[in-house]
file query13.cif (mmCIF, C-alpha atoms)
data_entry
loop_
_atom_site.label_atom_id
_atom_site.label_comp_id
_atom_site.auth_asym_id
_atom_site.auth_seq_id
_atom_site.Cartn_x
_atom_site.Cartn_y
_atom_site.Cartn_z
CA GLY D 1 26.15 -152.25 -71.20
CA ASN D 2 27.40 -154.30 -68.28
CA SER D 3 26.51 -157.97 -68.01
CA VAL D 4 27.62 -161.38 -66.80
CA THR D 5 27.20 -164.69 -68.62
CA GLN D 6 27.42 -167.97 -66.75
CA MET D 7 27.50 -171.51 -68.06
CA GLU D 8 24.15 -173.24 -68.20
CA GLY D 9 23.32 -175.71 -65.52
CA PRO D 10 22.48 -177.83 -63.82
CA VAL D 11 25.86 -179.40 -63.15
CA THR D 12 26.05 -182.81 -61.47
CA LEU D 13 29.36 -184.14 -60.19
CA SER D 14 30.53 -187.02 -58.09
CA GLU D 15 32.19 -186.28 -54.77
CA GLU D 16 35.90 -185.40 -55.12
CA ALA D 17 35.51 -184.43 -58.79
CA PHE D 18 37.04 -181.23 -60.20
CA LEU D 19 34.66 -178.32 -60.63
CA THR D 20 34.73 -175.50 -63.17
CA ILE D 21 31.88 -173.04 -63.59
CA ASN D 22 32.50 -170.61 -66.42
CA CYS D 23 31.78 -166.90 -66.10
CA THR D 24 32.48 -164.19 -68.66
CA TYR D 25 31.62 -160.56 -68.41
CA THR D 26 31.01 -157.47 -70.51
CA ALA D 27 31.86 -154.14 -68.95
CA THR D 28 32.46 -150.63 -70.18
CA GLY D 29 35.15 -149.94 -67.61
CA TYR D 30 36.98 -151.66 -64.76
CA PRO D 31 34.76 -153.95 -62.71
CA SER D 32 35.26 -155.82 -59.49
CA LEU D 33 34.19 -159.46 -59.79
CA PHE D 34 32.46 -161.70 -57.28
CA TRP D 35 31.20 -165.22 -56.79
CA TYR D 36 28.23 -165.78 -54.53
CA VAL D 37 26.74 -169.08 -53.33
CA GLN D 38 23.10 -169.72 -52.44
CA TYR D 39 22.10 -172.74 -50.37
CA PRO D 40 18.47 -173.89 -50.41
CA GLY D 41 16.18 -171.58 -48.50
CA GLU D 42 18.89 -169.01 -47.87
CA GLY D 43 20.10 -165.73 -49.30
CA LEU D 44 23.20 -165.28 -51.40
CA GLN D 45 26.51 -165.41 -49.53
CA LEU D 46 29.78 -163.97 -50.72
CA LEU D 47 32.18 -166.75 -51.68
CA LEU D 48 35.14 -164.80 -53.08
CA LYS D 49 36.04 -161.65 -54.94
CA ALA D 50 38.75 -160.03 -57.07
CA THR D 51 39.04 -156.31 -57.63
CA LYS D 52 41.61 -155.99 -60.41
CA ALA D 53 43.11 -157.90 -63.31
CA ASP D 54 45.18 -160.98 -62.42
CA ASP D 55 43.89 -161.01 -58.84
CA LYS D 56 42.93 -164.43 -57.54
CA GLY D 57 40.08 -164.76 -55.08
CA SER D 58 39.92 -167.85 -52.92
CA ASN D 59 37.80 -169.25 -50.10
CA LYS D 60 36.84 -172.70 -48.80
CA GLY D 61 38.88 -174.41 -51.52
CA PHE D 62 37.26 -172.40 -54.31
CA GLU D 63 39.35 -170.15 -56.55
CA ALA D 64 38.76 -167.72 -59.39
CA THR D 65 41.22 -165.54 -61.30
CA TYR D 66 40.30 -162.19 -62.85
CA ARG D 67 41.37 -162.49 -66.49
CA LYS D 68 41.05 -159.18 -68.29
CA GLU D 69 42.35 -160.52 -71.61
CA THR D 70 39.56 -163.09 -71.81
CA THR D 71 37.04 -161.11 -69.70
CA SER D 72 36.53 -164.19 -67.54
CA PHE D 73 36.28 -165.16 -63.87
CA HIS D 74 35.83 -168.92 -63.86
CA LEU D 75 35.17 -170.66 -60.55
CA GLU D 76 37.19 -173.78 -59.75
CA LYS D 77 37.51 -176.30 -56.96
CA GLY D 78 39.81 -179.26 -56.99
CA SER D 79 37.65 -181.70 -55.04
CA VAL D 80 33.96 -181.01 -54.46
CA GLN D 81 31.96 -182.27 -51.50
CA VAL D 82 28.28 -183.04 -51.12
CA SER D 83 28.02 -179.92 -48.97
CA ASP D 84 29.02 -177.79 -51.99
CA SER D 85 25.65 -178.50 -53.61
CA ALA D 86 24.15 -175.06 -54.15
CA VAL D 87 23.53 -172.40 -56.77
CA TYR D 88 26.53 -170.27 -57.72
CA PHE D 89 26.25 -166.70 -59.04
CA CYS D 90 28.90 -164.66 -60.76
CA ALA D 91 28.57 -160.88 -60.43
CA LEU D 92 30.31 -157.64 -61.29
CA VAL D 93 30.20 -154.08 -60.04
CA MET D 94 31.74 -151.15 -61.86
CA ASN D 95 34.25 -148.89 -60.17
CA THR D 96 31.97 -145.94 -60.94
CA GLY D 97 29.01 -147.16 -58.90
CA ASN D 98 27.70 -149.81 -56.56
CA GLN D 99 24.99 -151.58 -58.57
CA PHE D 100 25.72 -155.29 -58.97
CA TYR D 101 25.10 -157.20 -62.20
CA PHE D 102 24.43 -160.88 -61.50
CA GLY D 103 24.59 -163.87 -63.79
CA THR D 104 21.68 -166.27 -64.01
CA GLY D 105 23.19 -168.74 -61.55
CA THR D 106 24.51 -172.28 -62.02
CA SER D 107 23.04 -175.09 -59.98
CA LEU D 108 25.56 -177.65 -58.71
CA THR D 109 24.63 -181.03 -57.28
CA VAL D 110 27.35 -183.24 -55.83
CA ILE D 111 26.45 -186.90 -55.38
CA PRO D 112 28.23 -189.25 -52.97
CA ASP Q 1 27.39 -159.06 -35.90
CA ALA Q 2 23.79 -159.27 -37.00
CA GLY Q 3 23.32 -159.67 -40.70
CA VAL Q 4 20.57 -158.25 -42.87
CA ILE Q 5 17.25 -159.02 -41.23
CA GLN Q 6 14.10 -159.50 -43.27
CA SER Q 7 10.56 -160.07 -42.11
CA PRO Q 8 8.39 -161.94 -42.48
CA ARG Q 9 10.22 -165.06 -43.69
CA HIS Q 10 7.06 -166.39 -45.28
CA GLU Q 11 3.86 -164.66 -46.33
CA VAL Q 12 0.78 -166.22 -47.84
CA THR Q 13 -2.08 -163.95 -48.76
CA GLU Q 14 -4.92 -163.64 -51.20
CA MET Q 15 -4.74 -161.59 -54.33
CA GLY Q 16 -5.83 -158.00 -53.92
CA GLN Q 17 -4.38 -157.73 -50.43
CA GLU Q 18 -1.63 -155.30 -49.48
CA VAL Q 19 1.73 -156.88 -48.70
CA THR Q 20 4.54 -155.17 -46.80
CA LEU Q 21 8.01 -156.63 -46.64
CA ARG Q 22 10.55 -155.26 -44.18
CA CYS Q 23 14.31 -155.05 -44.09
CA LYS Q 24 16.87 -153.98 -41.51
CA PRO Q 25 20.29 -153.52 -43.13
CA ILE Q 26 23.62 -154.14 -41.45
CA SER Q 27 24.48 -151.27 -39.14
CA GLY Q 28 26.80 -148.80 -40.84
CA HIS Q 29 25.93 -149.85 -44.37
CA ASN Q 30 24.69 -146.94 -46.46
CA SER Q 31 23.36 -148.74 -49.52
CA LEU Q 32 20.30 -151.00 -49.66
CA PHE Q 33 18.98 -153.17 -52.47
CA TRP Q 34 15.70 -155.01 -53.06
CA TYR Q 35 15.74 -158.06 -55.36
CA ARG Q 36 13.13 -160.53 -56.54
CA GLN Q 37 14.00 -164.14 -57.39
CA THR Q 38 11.86 -166.53 -59.43
CA MET Q 39 12.62 -169.68 -61.36
CA MET Q 40 11.56 -168.07 -64.62
CA ARG Q 41 13.32 -164.72 -64.34
CA GLY Q 42 16.17 -165.43 -61.92
CA LEU Q 43 17.43 -162.64 -59.68
CA GLU Q 44 16.10 -159.19 -60.58
CA LEU Q 45 17.09 -155.87 -59.04
CA LEU Q 46 13.95 -153.93 -58.16
CA ILE Q 47 15.32 -150.76 -56.55
CA TYR Q 48 18.30 -149.53 -54.59
CA PHE Q 49 18.98 -146.70 -52.18
CA ASN Q 50 22.18 -144.83 -51.34
CA ASN Q 51 22.09 -142.88 -48.08
CA ASN Q 52 18.31 -143.51 -47.89
CA VAL Q 53 17.73 -141.91 -51.31
CA PRO Q 54 16.31 -144.05 -54.16
CA ILE Q 55 18.89 -144.15 -56.94
CA ASP Q 56 17.41 -146.52 -59.50
CA ASP Q 57 13.85 -147.89 -59.43
CA SER Q 58 13.74 -148.95 -63.06
CA GLY Q 59 13.35 -152.57 -62.01
CA MET Q 60 10.12 -151.99 -60.11
CA PRO Q 61 7.55 -153.92 -62.16
CA GLU Q 62 4.70 -151.46 -62.04
CA ASP Q 63 2.92 -148.88 -59.95
CA ARG Q 64 1.64 -151.55 -57.59
CA PHE Q 65 5.14 -151.77 -56.14
CA SER Q 66 6.62 -149.08 -53.91
CA ALA Q 67 9.65 -148.94 -51.64
CA LYS Q 68 10.69 -146.57 -48.90
CA MET Q 69 13.69 -146.06 -46.71
CA PRO Q 70 12.70 -143.60 -43.97
CA ASN Q 71 16.01 -143.98 -42.13
CA ALA Q 72 19.33 -145.78 -42.34
CA SER Q 73 18.13 -148.81 -40.42
CA PHE Q 74 14.83 -149.67 -42.06
CA SER Q 75 13.26 -150.17 -45.47
CA THR Q 76 9.93 -151.47 -46.74
CA LEU Q 77 8.75 -152.90 -50.02
CA LYS Q 78 5.02 -152.70 -50.50
CA ILE Q 79 2.77 -154.36 -53.06
CA GLN Q 80 -0.76 -153.03 -53.38
CA PRO Q 81 -2.83 -154.71 -54.71
CA SER Q 82 -1.00 -158.02 -54.86
CA GLU Q 83 -1.41 -160.48 -57.74
CA PRO Q 84 -0.49 -164.18 -58.09
CA ARG Q 85 2.36 -163.30 -60.48
CA ASP Q 86 4.03 -161.42 -57.63
CA SER Q 87 4.74 -164.75 -55.93
CA ALA Q 88 8.51 -164.98 -55.52
CA VAL Q 89 11.31 -164.77 -52.99
CA TYR Q 90 12.19 -161.16 -52.20
CA PHE Q 91 15.68 -160.40 -50.96
CA CYS Q 92 17.09 -157.35 -49.30
CA ALA Q 93 20.84 -156.69 -49.40
CA SER Q 94 23.04 -153.96 -47.96
CA SER Q 95 26.58 -152.74 -48.49
CA PHE Q 96 28.92 -149.79 -48.16
CA ILE Q 97 28.87 -147.38 -51.09
CA ARG Q 98 32.15 -148.52 -52.57
CA ALA Q 99 32.54 -150.41 -55.79
CA ASP Q 100 34.71 -153.18 -54.37
CA GLN Q 101 32.50 -153.87 -51.37
CA PRO Q 102 30.27 -156.96 -51.43
CA GLN Q 103 26.56 -156.93 -50.88
CA HIS Q 104 25.27 -158.84 -47.86
CA PHE Q 105 21.93 -160.57 -48.35
CA GLY Q 106 19.14 -161.38 -45.95
CA ASP Q 107 17.47 -164.78 -45.97
CA GLY Q 108 14.57 -163.48 -48.01
CA THR Q 109 10.81 -163.37 -47.76
CA ARG Q 110 8.98 -166.15 -49.59
CA LEU Q 111 5.76 -164.58 -50.83
CA SER Q 112 2.81 -166.58 -52.12
CA ILE Q 113 -0.21 -164.79 -53.53
CA LEU Q 114 -3.21 -167.08 -53.91
#

call {"tool": "encode", "arguments": {"input": "query13.cif", "output": "structure tokens"}}
result
Amino acid sequence: GNSVTQMEGPVTLSEEAFLTINCTYTATGYPSLFWYVQYPGEGLQLLLKATKADDKGSNKGFEATYRKETTSFHLEKGSVQVSDSAVYFCALVMNTGNQFYFGTGTSLTVIP
Amino acid sequence: DAGVIQSPRHEVTEMGQEVTLRCKPISGHNSLFWYRQTMMRGLELLIYFNNNVPIDDSGMPEDRFSAKMPNASFSTLKIQPSEPRDSAVYFCASSFIRADQPQHFGDGTRLSIL
């Protein structure tokens, strides 16, 4: 079946630290991959996406590269800010449908 | 552009009561999803519609839950009778029916069943 596995949280970092949140996937075909962010009291918001192997999605200083050989889509940011504190979800959708498969979410707290 | 609009934002009611959650998708989107989020179970897909037709309702917990989409601009999720274990945040999301298109989420309805 199709699924996404994210690293366990919570993650706590100091401001300006480097961030990596691991995401690996299992898929029977060719998925598109997404990262969503959820701030407290809000719905999920699209952060970035990649639709084919070796594509790099980027937004607001965050990046993730679609690695088919390692079935991964790790989220990175070079220097986190307090305002990046949120829950981050990795997700995939197969090219044969439009149902999303979400990971369990990784909570990030950035301290000043 | 208006995003996905959900109402109410908060609902507190006693067990046994009927609860109706409402969703207005983004205009032009032809796919709509209902999710439930809890600390214990995370984000769960309950049901989704393509072109107003239910495609997969395997995530609906039990017969107490029902969802309808009478037209392209409105959907409801109903719980009757409600139970305390239904307490959660319920999200609606919409998208175009294309695999590389993102889902757009509403701000959710926080439901508390006493």

call {"tool": "interface_residues", "arguments": {"input": "query13.cif", "of": "chain D", "to": "chain Q", "cutoff": "7 Å", "atoms": "all atoms listed in the file", "output": "JSON list (two decimals) with C-alpha atoms, keeping the file's coordinate frame"}}
result
[["chain", "number", "residue", "atom", "x", "y", "z"],
["D", 32, "SER", "CA", 35.26, -155.82, -59.49],
["D", 42, "GLU", "CA", 18.89, -169.01, -47.87],
["D", 43, "GLY", "CA", 20.10, -165.73, -49.30],
["D", 44, "LEU", "CA", 23.20, -165.28, -51.40],
["D", 45, "GLN", "CA", 26.51, -165.41, -49.53],
["D", 51, "THR", "CA", 39.04, -156.31, -57.63],
["D", 93, "VAL", "CA", 30.20, -154.08, -60.04],
["D", 94, "MET", "CA", 31.74, -151.15, -61.86],
["D", 95, "ASN", "CA", 34.25, -148.89, -60.17],
["D", 96, "THR", "CA", 31.97, -145.94, -60.94],
["D", 97, "GLY", "CA", 29.01, -147.16, -58.90],
["D", 98, "ASN", "CA", 27.70, -149.81, -56.56],
["D", 104, "THR", "CA", 21.68, -166.27, -64.01]]

call {"tool": "resolve_selection", "arguments": {"input": "query13.cif", "expression": "the PyMOL selection byres ((chain Q and resi 12) around 12)", "output": "ChimeraX atom specification"}}
result
/Q:8-11,13-15,17-20,82-84,86-89,109-114

call {"tool": "resolve_selection", "arguments": {"input": "query13.cif", "expression": "the PyMOL selection byres ((chain D and resi 19) around 9)", "output": "list in words"}}
result
Leu13, Ala17, Phe18, Thr20, Ile21, Leu75, Glu76, Lys77, Gly78, Ser79 and Val80 of chain D

call {"tool": "closest_residue", "arguments": {"input": "query13.cif", "among": "D:Leu92, D:Thr70, D:Asn2, D:Ser107", "to": "Q:Met39", "atoms": "all atoms listed in the file"}}
result
D:Ser107

call {"tool": "closest_residue", "arguments": {"input": "query13.cif", "among": "D:Thr106, D:Thr24, D:Ser85, D:Ser58", "to": "D:Phe73", "atoms": "only C-alpha atoms"}}
result
D:Thr24

call {"tool": "closest_residue", "arguments": {"input": "query13.cif", "among": "D:Tyr88, D:Tyr25, D:Tyr39, D:Phe102", "to": "D:Tyr66", "atoms": "only C-alpha atoms"}}
result
D:Tyr25

call {"tool": "closest_residue", "arguments": {"input": "query13.cif", "among": "D:Pro31, D:Gln6, D:Tyr101, D:Phe89", "to": "D:Leu46", "atoms": "all atoms listed in the file"}}
result
D:Phe89

call {"tool": "closest_residue", "arguments": {"input": "query13.cif", "among": "Q:Gln80, Q:Ser94, Q:Ser7, Q:Ser73", "to": "Q:Trp34", "atoms": "all atoms listed in the file"}}
result
Q:Ser94

call {"tool": "build_atoms", "arguments": {"input": "query13.cif", "residues": "stretch 7-18 of chain D", "atoms": "all heavy atoms", "output": "PDB file, in the coordinates of the input"}}
result
ATOM      1  N   MET D   7      27.815-170.272 -67.364  1.00  0.00           N
ATOM      2  CA  MET D   7      27.500-171.510 -68.060  1.00  0.00           C
ATOM      3  C   MET D   7      26.147-172.019 -67.586  1.00  0.00           C
ATOM      4  O   MET D   7      25.719-171.795 -66.447  1.00  0.00           O
ATOM      5  CB  MET D   7      28.562-172.573 -67.793  1.00  0.00           C
ATOM      6  CG  MET D   7      28.689-173.034 -66.358  1.00  0.00           C
ATOM      7  SD  MET D   7      30.051-174.179 -66.133  1.00  0.00           S
ATOM      8  CE  MET D   7      29.398-175.653 -66.890  1.00  0.00           C
ATOM      9  N   GLU D   8      25.463-172.682 -68.504  1.00  0.00           N
ATOM     10  CA  GLU D   8      24.150-173.240 -68.200  1.00  0.00           C
ATOM     11  C   GLU D   8      24.309-174.408 -67.239  1.00  0.00           C
ATOM     12  O   GLU D   8      25.264-175.166 -67.296  1.00  0.00           O
ATOM     13  CB  GLU D   8      23.469-173.714 -69.483  1.00  0.00           C
ATOM     14  CG  GLU D   8      23.102-172.601 -70.441  1.00  0.00           C
ATOM     15  CD  GLU D   8      21.863-171.858 -70.007  1.00  0.00           C
ATOM     16  OE1 GLU D   8      21.004-172.482 -69.365  1.00  0.00           O
ATOM     17  OE2 GLU D   8      21.740-170.654 -70.304  1.00  0.00           O
ATOM     18  N   GLY D   9      23.337-174.538 -66.372  1.00  0.00           N
ATOM     19  CA  GLY D   9      23.320-175.710 -65.520  1.00  0.00           C
ATOM     20  C   GLY D   9      22.163-176.596 -65.907  1.00  0.00           C
ATOM     21  O   GLY D   9      21.577-176.408 -66.974  1.00  0.00           O
ATOM     22  N   PRO D  10      21.785-177.506 -65.059  1.00  0.00           N
ATOM     23  CA  PRO D  10      22.480-177.830 -63.820  1.00  0.00           C
ATOM     24  C   PRO D  10      23.726-178.675 -64.077  1.00  0.00           C
ATOM     25  O   PRO D  10      23.855-179.305 -65.115  1.00  0.00           O
ATOM     26  CB  PRO D  10      21.420-178.636 -63.053  1.00  0.00           C
ATOM     27  CG  PRO D  10      20.579-179.277 -64.104  1.00  0.00           C
ATOM     28  CD  PRO D  10      20.546-178.303 -65.247  1.00  0.00           C
ATOM     29  N   VAL D  11      24.638-178.619 -63.099  1.00  0.00           N
ATOM     30  CA  VAL D  11      25.860-179.400 -63.150  1.00  0.00           C
ATOM     31  C   VAL D  11      25.764-180.467 -62.052  1.00  0.00           C
ATOM     32  O   VAL D  11      25.436-180.157 -60.910  1.00  0.00           O
ATOM     33  CB  VAL D  11      27.100-178.515 -62.895  1.00  0.00           C
ATOM     34  CG1 VAL D  11      28.348-179.365 -62.809  1.00  0.00           C
ATOM     35  CG2 VAL D  11      27.223-177.460 -63.984  1.00  0.00           C
ATOM     36  N   THR D  12      26.043-181.706 -62.425  1.00  0.00           N
ATOM     37  CA  THR D  12      26.050-182.810 -61.470  1.00  0.00           C
ATOM     38  C   THR D  12      27.420-183.466 -61.492  1.00  0.00           C
ATOM     39  O   THR D  12      27.909-183.840 -62.561  1.00  0.00           O
ATOM     40  CB  THR D  12      24.966-183.854 -61.804  1.00  0.00           C
ATOM     41  OG1 THR D  12      23.682-183.213 -61.812  1.00  0.00           O
ATOM     42  CG2 THR D  12      24.950-184.967 -60.764  1.00  0.00           C
ATOM     43  N   LEU D  13      28.033-183.556 -60.313  1.00  0.00           N
ATOM     44  CA  LEU D  13      29.360-184.140 -60.190  1.00  0.00           C
ATOM     45  C   LEU D  13      29.376-185.171 -59.079  1.00  0.00           C
ATOM     46  O   LEU D  13      28.600-185.064 -58.120  1.00  0.00           O
ATOM     47  CB  LEU D  13      30.404-183.071 -59.886  1.00  0.00           C
ATOM     48  CG  LEU D  13      30.680-182.015 -60.957  1.00  0.00           C
ATOM     49  CD1 LEU D  13      31.616-180.959 -60.390  1.00  0.00           C
ATOM     50  CD2 LEU D  13      31.249-182.638 -62.203  1.00  0.00           C
ATOM     51  N   SER D  14      30.295-186.092 -59.189  1.00  0.00           N
ATOM     52  CA  SER D  14      30.530-187.020 -58.090  1.00  0.00           C
ATOM     53  C   SER D  14      31.461-186.377 -57.071  1.00  0.00           C
ATOM     54  O   SER D  14      32.268-185.500 -57.411  1.00  0.00           O
ATOM     55  CB  SER D  14      31.157-188.321 -58.610  1.00  0.00           C
ATOM     56  OG  SER D  14      30.270-188.975 -59.490  1.00  0.00           O
ATOM     57  N   GLU D  15      31.330-186.798 -55.839  1.00  0.00           N
ATOM     58  CA  GLU D  15      32.190-186.280 -54.770  1.00  0.00           C
ATOM     59  C   GLU D  15      33.653-186.454 -55.166  1.00  0.00           C
ATOM     60  O   GLU D  15      34.040-187.467 -55.754  1.00  0.00           O
ATOM     61  CB  GLU D  15      31.889-187.008 -53.474  1.00  0.00           C
ATOM     62  CG  GLU D  15      32.254-186.253 -52.234  1.00  0.00           C
ATOM     63  CD  GLU D  15      31.621-186.848 -50.987  1.00  0.00           C
ATOM     64  OE1 GLU D  15      31.268-188.028 -51.001  1.00  0.00           O
ATOM     65  OE2 GLU D  15      31.464-186.094 -50.005  1.00  0.00           O
ATOM     66  N   GLU D  16      34.463-185.455 -54.857  1.00  0.00           N
ATOM     67  CA  GLU D  16      35.900-185.400 -55.120  1.00  0.00           C
ATOM     68  C   GLU D  16      36.229-185.071 -56.580  1.00  0.00           C
ATOM     69  O   GLU D  16      37.413-185.030 -56.936  1.00  0.00           O
ATOM     70  CB  GLU D  16      36.608-186.678 -54.695  1.00  0.00           C
ATOM     71  CG  GLU D  16      36.485-186.964 -53.195  1.00  0.00           C
ATOM     72  CD  GLU D  16      37.253-188.190 -52.750  1.00  0.00           C
ATOM     73  OE1 GLU D  16      37.928-188.806 -53.597  1.00  0.00           O
ATOM     74  OE2 GLU D  16      37.178-188.542 -51.564  1.00  0.00           O
ATOM     75  N   ALA D  17      35.238-184.825 -57.404  1.00  0.00           N
ATOM     76  CA  ALA D  17      35.510-184.430 -58.790  1.00  0.00           C
ATOM     77  C   ALA D  17      35.983-182.977 -58.830  1.00  0.00           C
ATOM     78  O   ALA D  17      35.809-182.202 -57.879  1.00  0.00           O
ATOM     79  CB  ALA D  17      34.262-184.595 -59.644  1.00  0.00           C
ATOM     80  N   PHE D  18      36.579-182.610 -59.977  1.00  0.00           N
ATOM     81  CA  PHE D  18      37.040-181.230 -60.200  1.00  0.00           C
ATOM     82  C   PHE D  18      35.879-180.408 -60.743  1.00  0.00           C
ATOM     83  O   PHE D  18      35.146-180.854 -61.623  1.00  0.00           O
ATOM     84  CB  PHE D  18      38.195-181.228 -61.198  1.00  0.00           C
ATOM     85  CG  PHE D  18      38.811-179.877 -61.415  1.00  0.00           C
ATOM     86  CD1 PHE D  18      39.799-179.420 -60.565  1.00  0.00           C
ATOM     87  CD2 PHE D  18      38.387-179.050 -62.453  1.00  0.00           C
ATOM     88  CE1 PHE D  18      40.371-178.160 -60.748  1.00  0.00           C
ATOM     89  CE2 PHE D  18      38.957-177.798 -62.647  1.00  0.00           C
ATOM     90  CZ  PHE D  18      39.945-177.356 -61.796  1.00  0.00           C
TER      91      PHE D  18
END
